[in-house]
Each structure stands twice: as C-alpha cells, then as structure tokens.
>>> print(open('protein-v9.cif').read())   # mmCIF, C-alpha atoms
data_input
loop_
_atom_site.group_PDB
_atom_site.id
_atom_site.type_symbol
_atom_site.label_atom_id
_atom_site.label_comp_id
_atom_site.auth_asym_id
_atom_site.auth_seq_id
_atom_site.Cartn_x
_atom_site.Cartn_y
_atom_site.Cartn_z
ATOM 1 C CA MET A 834 -61.400 -34.207 16.345
ATOM 2 C CA VAL A 835 -59.076 -31.911 18.295
ATOM 3 C CA ALA A 836 -60.264 -28.413 19.067
ATOM 4 C CA LEU A 837 -58.506 -25.631 20.882
ATOM 5 C CA SER A 838 -60.544 -24.012 23.615
ATOM 6 C CA LEU A 839 -59.344 -20.503 22.814
ATOM 7 C CA GLU A 840 -61.683 -17.937 21.345
ATOM 8 C CA LEU A 841 -60.172 -16.763 18.082
ATOM 9 C CA PRO A 842 -61.324 -13.248 17.198
ATOM 10 C CA PHE A 843 -59.466 -13.226 13.871
ATOM 11 C CA PHE A 844 -62.030 -15.689 12.472
ATOM 12 C CA LEU A 845 -65.061 -13.703 13.568
ATOM 13 C CA SER A 846 -65.368 -10.353 15.249
ATOM 14 C CA GLU A 847 -67.223 -10.315 18.568
ATOM 15 C CA MET A 848 -70.025 -8.407 16.821
ATOM 16 C CA ASP A 849 -70.292 -11.093 14.113
ATOM 17 C CA LYS A 850 -70.339 -13.816 16.765
ATOM 18 C CA ILE A 851 -73.114 -12.051 18.690
ATOM 19 C CA ARG A 852 -75.095 -11.486 15.468
ATOM 20 C CA ILE A 853 -74.804 -15.150 14.435
ATOM 21 C CA GLU A 854 -75.822 -16.245 17.936
ATOM 22 C CA LYS A 855 -78.925 -14.021 17.962
ATOM 23 C CA GLU A 856 -79.991 -15.035 14.446
ATOM 24 C CA ILE A 857 -79.546 -18.770 15.108
ATOM 25 C CA GLU A 858 -81.418 -18.385 18.424
ATOM 26 C CA ALA A 859 -84.368 -16.893 16.509
ATOM 27 C CA LEU A 860 -84.230 -19.666 13.897
ATOM 28 C CA LEU A 861 -84.237 -22.376 16.590
ATOM 29 C CA ASP A 862 -86.915 -20.610 18.639
ATOM 30 C CA SER A 863 -89.276 -20.694 15.674
ATOM 31 C CA GLU A 864 -89.226 -24.508 15.918
ATOM 32 C CA ASN A 865 -89.450 -24.898 19.725
ATOM 33 C CA CYS A 866 -85.703 -25.393 20.141
ATOM 34 C CA GLU A 867 -83.085 -23.315 21.914
ATOM 35 C CA LEU A 868 -79.441 -22.408 21.555
ATOM 36 C CA VAL A 869 -77.751 -23.517 24.770
ATOM 37 C CA ASP A 870 -74.240 -22.378 23.853
ATOM 38 C CA PHE A 871 -72.241 -21.175 20.844
ATOM 39 C CA ARG A 872 -68.466 -21.295 20.641
ATOM 40 C CA VAL A 873 -65.937 -20.301 18.015
ATOM 41 C CA LEU A 874 -62.839 -22.468 18.222
ATOM 42 C CA SER A 875 -60.083 -23.559 15.857
ATOM 43 C CA GLN A 876 -59.598 -26.863 14.103
ATOM 44 C CA LYS A 877 -56.533 -27.227 11.882
ATOM 45 C CA GLY A 878 -56.419 -23.484 11.267
ATOM 46 C CA LYS A 879 -60.088 -23.175 10.300
ATOM 47 C CA PRO A 880 -62.882 -21.698 12.377
ATOM 48 C CA LEU A 881 -64.872 -24.371 14.203
ATOM 49 C CA LEU A 882 -68.396 -23.137 14.907
ATOM 50 C CA VAL A 883 -69.933 -25.241 17.676
ATOM 51 C CA PHE A 884 -73.649 -24.931 18.400
ATOM 52 C CA TYR A 885 -75.142 -26.747 21.402
ATOM 53 C CA ILE A 886 -78.890 -27.012 20.899
ATOM 54 C CA ASP A 887 -81.802 -28.589 22.726
ATOM 55 C CA ARG A 888 -85.566 -28.813 22.593
ATOM 56 C CA LYS A 889 -87.302 -26.405 24.955
ATOM 57 C CA GLU A 890 -89.026 -29.425 26.442
ATOM 58 C CA GLY A 891 -87.377 -32.821 26.216
ATOM 59 C CA GLY A 892 -84.059 -33.716 24.635
ATOM 60 C CA ILE A 893 -82.832 -33.468 21.078
ATOM 61 C CA THR A 894 -81.976 -36.518 18.972
ATOM 62 C CA LEU A 895 -78.889 -37.192 16.873
ATOM 63 C CA ASP A 896 -81.035 -37.068 13.727
ATOM 64 C CA GLU A 897 -82.390 -33.664 14.739
ATOM 65 C CA CYS A 898 -78.830 -32.401 15.311
ATOM 66 C CA GLY A 899 -78.000 -33.555 11.774
ATOM 67 C CA GLN A 900 -81.029 -31.755 10.359
ATOM 68 C CA TRP A 901 -80.144 -28.602 12.284
ATOM 69 C CA SER A 902 -76.551 -28.833 11.067
ATOM 70 C CA GLU A 903 -77.823 -28.631 7.484
ATOM 71 C CA LYS A 904 -80.185 -25.735 8.281
ATOM 72 C CA ILE A 905 -77.596 -23.757 10.250
ATOM 73 C CA GLY A 906 -74.893 -24.383 7.648
ATOM 74 C CA ALA A 907 -77.142 -23.188 4.826
ATOM 75 C CA TYR A 908 -78.168 -20.148 6.854
ATOM 76 C CA ILE A 909 -74.558 -19.191 7.633
ATOM 77 C CA ASP A 910 -73.509 -19.731 4.011
ATOM 78 C CA LEU A 911 -76.279 -17.424 2.778
ATOM 79 C CA ASN A 912 -76.140 -14.732 5.457
ATOM 80 C CA GLN A 913 -72.753 -14.580 7.173
ATOM 81 C CA PRO A 914 -69.517 -13.387 5.639
ATOM 82 C CA ILE A 915 -66.895 -15.826 6.871
ATOM 83 C CA GLN A 916 -63.677 -15.143 4.968
ATOM 84 C CA ALA A 917 -62.390 -18.718 4.810
ATOM 85 C CA GLY A 918 -63.987 -22.137 5.041
ATOM 86 C CA TYR A 919 -65.270 -23.281 8.393
ATOM 87 C CA VAL A 920 -66.181 -26.455 10.227
ATOM 88 C CA LEU A 921 -69.661 -26.691 11.720
ATOM 89 C CA GLU A 922 -70.619 -28.859 14.666
ATOM 90 C CA VAL A 923 -74.160 -29.109 16.047
ATOM 91 C CA SER A 924 -74.542 -31.109 19.230
ATOM 92 C CA SER A 925 -76.834 -31.708 22.164
ATOM 93 C CA PRO A 926 -75.720 -30.044 25.395
ATOM 94 C CA GLY A 927 -75.264 -33.452 27.048
ATOM 95 C CA VAL A 928 -75.980 -34.519 30.613
ATOM 96 C CA ASP A 929 -73.522 -31.944 31.928
ATOM 97 C CA ARG A 930 -75.349 -29.130 30.154
ATOM 98 C CA ILE A 931 -73.878 -25.660 30.541
ATOM 99 C CA LEU A 932 -76.067 -23.035 32.220
ATOM 100 C CA LYS A 933 -75.557 -19.469 30.996
ATOM 101 C CA LYS A 934 -78.809 -17.572 31.003
ATOM 102 C CA GLU A 935 -81.181 -16.539 33.774
ATOM 103 C CA LYS A 936 -83.852 -18.842 32.331
ATOM 104 C CA ASP A 937 -81.409 -21.787 32.597
ATOM 105 C CA PHE A 938 -80.797 -21.138 36.293
ATOM 106 C CA LYS A 939 -84.528 -20.921 36.972
ATOM 107 C CA ARG A 940 -85.358 -24.009 34.873
ATOM 108 C CA PHE A 941 -82.764 -26.188 36.598
ATOM 109 C CA SER A 942 -83.314 -24.944 40.150
ATOM 110 C CA GLY A 943 -83.050 -27.875 42.557
ATOM 111 C CA ARG A 944 -80.417 -29.675 40.449
ATOM 112 C CA SER A 945 -76.792 -30.305 41.386
ATOM 113 C CA VAL A 946 -74.305 -28.026 39.641
ATOM 114 C CA LYS A 947 -70.566 -27.568 39.262
ATOM 115 C CA ILE A 948 -69.417 -23.952 39.258
ATOM 116 C CA LYS A 949 -65.985 -22.922 37.948
ATOM 117 C CA LEU A 950 -64.912 -19.423 38.912
ATOM 118 C CA THR A 951 -62.632 -17.118 36.948
ATOM 119 C CA SER A 952 -60.457 -16.668 40.028
ATOM 120 C CA PRO A 953 -60.378 -18.492 43.375
ATOM 121 C CA ILE A 954 -62.412 -17.544 46.418
ATOM 122 C CA ASN A 955 -60.853 -18.812 49.656
ATOM 123 C CA GLY A 956 -58.346 -20.750 47.533
ATOM 124 C CA THR A 957 -60.998 -22.627 45.535
ATOM 125 C CA ARG A 958 -62.108 -22.156 41.925
ATOM 126 C CA VAL A 959 -64.578 -25.068 41.738
ATOM 127 C CA TYR A 960 -67.741 -25.369 43.809
ATOM 128 C CA TYR A 961 -70.481 -28.003 43.853
ATOM 129 C CA GLY A 962 -73.973 -27.546 45.236
ATOM 130 C CA ILE A 963 -77.691 -27.558 44.643
ATOM 131 C CA LEU A 964 -78.873 -24.648 42.533
ATOM 132 C CA SER A 965 -81.547 -22.751 44.418
ATOM 133 C CA GLY A 966 -81.966 -19.617 42.379
ATOM 134 C CA PHE A 967 -80.753 -16.633 40.425
ATOM 135 C CA VAL A 968 -81.274 -13.086 41.699
ATOM 136 C CA ASN A 969 -79.733 -9.809 40.505
ATOM 137 C CA GLY A 970 -76.984 -11.501 38.489
ATOM 138 C CA GLU A 971 -76.099 -13.896 41.321
ATOM 139 C CA VAL A 972 -76.201 -17.693 41.100
ATOM 140 C CA ILE A 973 -77.391 -18.956 44.483
ATOM 141 C CA LEU A 974 -76.776 -22.398 45.975
ATOM 142 C CA ASP A 975 -79.004 -24.036 48.587
ATOM 143 C CA ASN A 976 -76.403 -23.483 51.334
ATOM 144 C CA GLY A 977 -76.710 -19.705 50.823
ATOM 145 C CA THR A 978 -73.456 -19.329 48.890
ATOM 146 C CA SER A 979 -73.807 -17.023 45.907
ATOM 147 C CA PHE A 980 -71.582 -16.116 42.978
ATOM 148 C CA ASN A 981 -71.846 -13.129 40.668
ATOM 149 C CA LEU A 982 -72.052 -14.114 36.984
ATOM 150 C CA ALA A 983 -69.114 -11.797 36.271
ATOM 151 C CA ASN A 984 -66.917 -14.039 38.468
ATOM 152 C CA ILE A 985 -68.117 -17.317 36.947
ATOM 153 C CA ASP A 986 -66.230 -19.035 34.157
ATOM 154 C CA GLU A 987 -68.782 -21.840 33.718
ATOM 155 C CA VAL A 988 -71.771 -23.491 35.407
ATOM 156 C CA ARG A 989 -72.696 -27.048 34.427
ATOM 157 C CA LEU A 990 -75.276 -29.544 35.585
ATOM 158 C CA ASP A 991 -73.619 -32.289 37.607
ATOM 159 C CA PRO A 992 -74.363 -35.585 35.808
ATOM 160 C CA LYS A 993 -74.098 -37.438 39.143
ATOM 161 C CA ASP A 994 -77.457 -35.837 39.925
ATOM 162 C CA LEU A 995 -79.053 -38.253 37.440
ATOM 163 C CA ILE A 996 -77.849 -41.425 39.189
#
>>> encode(input="protein-v9.cif", output="structure tokens")
Amino acid sequence: MVALSLELPFFLSEMDKIRIEKEIEALLDSENCELVDFRVLSQKGKPLLVFYIDRKEGGITLDECGQWSEKIGAYIDLNQPIQAGYVLEVSSPGVDRILKKEKDFKRFSGRSVKIKLTSPINGTRVYYGILSGFVNGEVILDNGTSFNLANIDEVRLDPKDLI
C-alpha cells in the first residue's frame, strides 16, 4: 500500500476531521482504549483514514485492530458524510509510537524520544534525548533542552530504548 503523507483537505474539511477524531476518541475511551493519532491521506485518489489506537494499559492486538476497524467503519458510514468511498486503516502505534498530547509526554517520561522540528534550531531539525517532562506547552529533555509544541513536527518514542 502506498500512501501520500500530505493532508488532503478536499476529502474532509478540518472541522470534519476534528469532529471524527473527537467522536472516535469517545468511542474508544468507552472501552478503555485511546486514539493515539488520526491522519487523512490519499490512496489512489481516495481518502485514506488512518487511526492509530492502543489500550490505555498494555498493547493492542491485531485481532482487536480488526474488530475496531469494523466498529469505526460502521460508525463513520452511519454518522459521517464522506462524499466518495474511502479506505480505512486501523493500526497499533508501534514501538516508535507518536507522542502528541500532554498525557503522552507525562506517561512516557523517562523514555528515549526522537524529536523532529518544523524548522532547524542551530542547523538541526532532529533531536534525540530522554523525555523528562512537559510544562506550559514545552517538551523538556533531561539535558534541559526544551521545544515548544508549535515548533515540533513530530515526537516519537525511540525504539532503541527497548533494547
């Protein structure tokens, strides 16, 4: 499967995307799961809706992802006006899980992370370090370096931390 990494607003408005995200978060939350990330991409000219989900405690299985794919698909079909057909993908966040929310940064404090910035600082866009906290919209590493969320493109757990 080849997916473009560009957000495509002509498939869904930003308001529709936010609404779907909030409604699916509530659906998952009711069963002790969480929405880690939601992306709208393109696959062969159709919207590709990608949901990364996890259990609030412990990991999620492939079978559970399949079950959630059916539930989310049925929910979208009944409640969301998507003009054309779409492709749905439900996946675990993987060992290099993305961190987006304040609760993520607190939960994974002490873990190694890879931070990609939207623009370079001192000629560098990618930083590695141990996550030590999150205060006032700033991701803080154990060496005292901090980055404002507005300047961050993506924060991921470093899978080397598991070795």
>>> resolve_selection(input="protein-v9.cif", expression="the PyMOL selection byres ((chain A and resi 928) around 8)", output="list of chain:residue names")
A:Pro926, A:Gly927, A:Asp929, A:Arg930, A:Leu990, A:Asp991, A:Pro992
>>> write_last_selection(input="protein-v9.cif", atoms="C-alpha atoms", output="short mmCIF file (atom, residue, chain, number, x, y, z; two decimals), in the frame of the given file")
data_model
loop_
_atom_site.label_atom_id
_atom_site.label_comp_id
_atom_site.auth_asym_id
_atom_site.auth_seq_id
_atom_site.Cartn_x
_atom_site.Cartn_y
_atom_site.Cartn_z
CA PRO A 926 -75.72 -30.04 25.40
CA GLY A 927 -75.26 -33.45 27.05
CA ASP A 929 -73.52 -31.94 31.93
CA ARG A 930 -75.35 -29.13 30.15
CA LEU A 990 -75.28 -29.54 35.58
CA ASP A 991 -73.62 -32.29 37.61
CA PRO A 992 -74.36 -35.58 35.81
#
>>> closest_residue(input="protein-v9.cif", among="A:Glu854, A:Glu903, A:Glu987, A:Glu935", to="A:Val873", atoms="all atoms listed in the file")
A:Glu854
>>> resolve_selection(input="protein-v9.cif", expression="the PyMOL selection byres ((chain A and resi 882-892) around 8)", output="list in words")
Asn865, Cys866, Glu867, Leu868, Val869, Asp870, Phe871, Arg872, Val873, Leu874, Pro880, Leu881, Ile893, Thr894, Cys898, Tyr919, Val920, Leu921, Glu922, Val923, Ser924, Ser925 and Pro926 of chain A
>>> resolve_selection(input="protein-v9.cif", expression="the PyMOL selection byres ((chain A and resi 966) around 9)", output="list in words")
Phe938, Lys939, Phe941, Ser942, Gly943, Leu964, Ser965, Phe967, Val968, Glu971, Val972, Ile973, Leu974 and Asp975 of chain A
>>> atom_distance(input="protein-v9.cif", atom1="atom CA of A:Leu895", atom2="atom CA of A:Leu861")
15.8 Å
>>> atom_distance(input="protein-v9.cif", atom1="atom CA of A:Lys949", atom2="atom CA of A:Phe980")
10.1 Å
>>> residues_around(input="protein-v9.cif", residues="A:Arg958", least_positions_apart="5", cutoff="12 Å", atoms="only C-alpha atoms", output="list in words")
Lys947, Ile948, Lys949, Leu950, Thr951, Ser952, Pro953, Phe980, Asn984, Ile985, Asp986, Glu987 and Val988 of chain A
>>> atom_distance(input="protein-v9.cif", atom1="atom CA of A:Ala907", atom2="atom CA of A:Leu932")
27.4 Å
>>> closest_residue(input="protein-v9.cif", among="A:Ile853, A:Gly918, A:Arg989, A:Ser902", to="A:Ser945", atoms="all atoms listed in the file")
A:Arg989
>>> axis_aligned_box(input="protein-v9.cif", around="stretch 945-959 of chain A", padding_each_side="4 Å", output="AutoDock Vina command-line options")
--center_x -67.6 --center_y -23.5 --center_z 43.3 --size_x 26.4 --size_y 21.6 --size_z 20.7
>>> decode(input="protein-v9.cif", residues="stretch 910-950 of chain A", atoms="C-alpha atoms", output="PDB file, in the first residue's frame")
ATOM      1  CA  ASP A 910     -20.658   5.060   7.479  1.00  0.00           C
ATOM      2  CA  LEU A 911     -23.616   5.888   9.734  1.00  0.00           C
ATOM      3  CA  ASN A 912     -22.513   9.277  11.056  1.00  0.00           C
ATOM      4  CA  GLN A 913     -20.028  10.985   8.744  1.00  0.00           C
ATOM      5  CA  PRO A 914     -20.766  12.423   5.333  1.00  0.00           C
ATOM      6  CA  ILE A 915     -17.800  11.435   3.194  1.00  0.00           C
ATOM      7  CA  GLN A 916     -18.629  12.282  -0.417  1.00  0.00           C
ATOM      8  CA  ALA A 917     -16.767   9.409  -2.073  1.00  0.00           C
ATOM      9  CA  GLY A 918     -15.600   5.993  -0.950  1.00  0.00           C
ATOM     10  CA  TYR A 919     -12.720   5.800   1.471  1.00  0.00           C
ATOM     11  CA  VAL A 920     -10.094   3.368   2.676  1.00  0.00           C
ATOM     12  CA  LEU A 921      -9.891   2.698   6.405  1.00  0.00           C
ATOM     13  CA  GLU A 922      -6.793   1.542   8.240  1.00  0.00           C
ATOM     14  CA  VAL A 923      -6.697   0.803  11.975  1.00  0.00           C
ATOM     15  CA  SER A 924      -3.286   0.045  13.410  1.00  0.00           C
ATOM     16  CA  SER A 925      -1.327  -0.098  16.630  1.00  0.00           C
ATOM     17  CA  PRO A 926       1.010   2.850  17.181  1.00  0.00           C
ATOM     18  CA  GLY A 927       4.038   0.532  17.052  1.00  0.00           C
ATOM     19  CA  VAL A 928       7.250   0.646  19.060  1.00  0.00           C
ATOM     20  CA  ASP A 929       8.029   4.106  17.708  1.00  0.00           C
ATOM     21  CA  ARG A 930       4.708   5.460  18.949  1.00  0.00           C
ATOM     22  CA  ILE A 931       3.994   9.106  18.205  1.00  0.00           C
ATOM     23  CA  LEU A 932       3.522  11.417  21.194  1.00  0.00           C
ATOM     24  CA  LYS A 933       1.102  14.302  20.652  1.00  0.00           C
ATOM     25  CA  LYS A 934      -0.798  15.068  23.811  1.00  0.00           C
ATOM     26  CA  GLU A 935       0.282  16.298  27.230  1.00  0.00           C
ATOM     27  CA  LYS A 936      -0.794  12.976  28.753  1.00  0.00           C
ATOM     28  CA  ASP A 937       1.526  11.143  26.311  1.00  0.00           C
ATOM     29  CA  PHE A 938       4.532  13.208  27.385  1.00  0.00           C
ATOM     30  CA  LYS A 939       3.773  12.581  31.054  1.00  0.00           C
ATOM     31  CA  ARG A 940       3.101   8.850  30.551  1.00  0.00           C
ATOM     32  CA  PHE A 941       6.355   8.261  28.675  1.00  0.00           C
ATOM     33  CA  SER A 942       8.596  10.474  30.808  1.00  0.00           C
ATOM     34  CA  GLY A 943      11.982   8.795  31.225  1.00  0.00           C
ATOM     35  CA  ARG A 944      11.879   7.193  27.755  1.00  0.00           C
ATOM     36  CA  SER A 945      14.135   7.996  24.808  1.00  0.00           C
ATOM     37  CA  VAL A 946      12.496  10.112  22.113  1.00  0.00           C
ATOM     38  CA  LYS A 947      13.213  11.449  18.645  1.00  0.00           C
ATOM     39  CA  ILE A 948      12.001  14.994  18.045  1.00  0.00           C
ATOM     40  CA  LYS A 949      11.586  16.422  14.531  1.00  0.00           C
ATOM     41  CA  LEU A 950      11.210  20.185  14.390  1.00  0.00           C
TER      42      LEU A 950
END
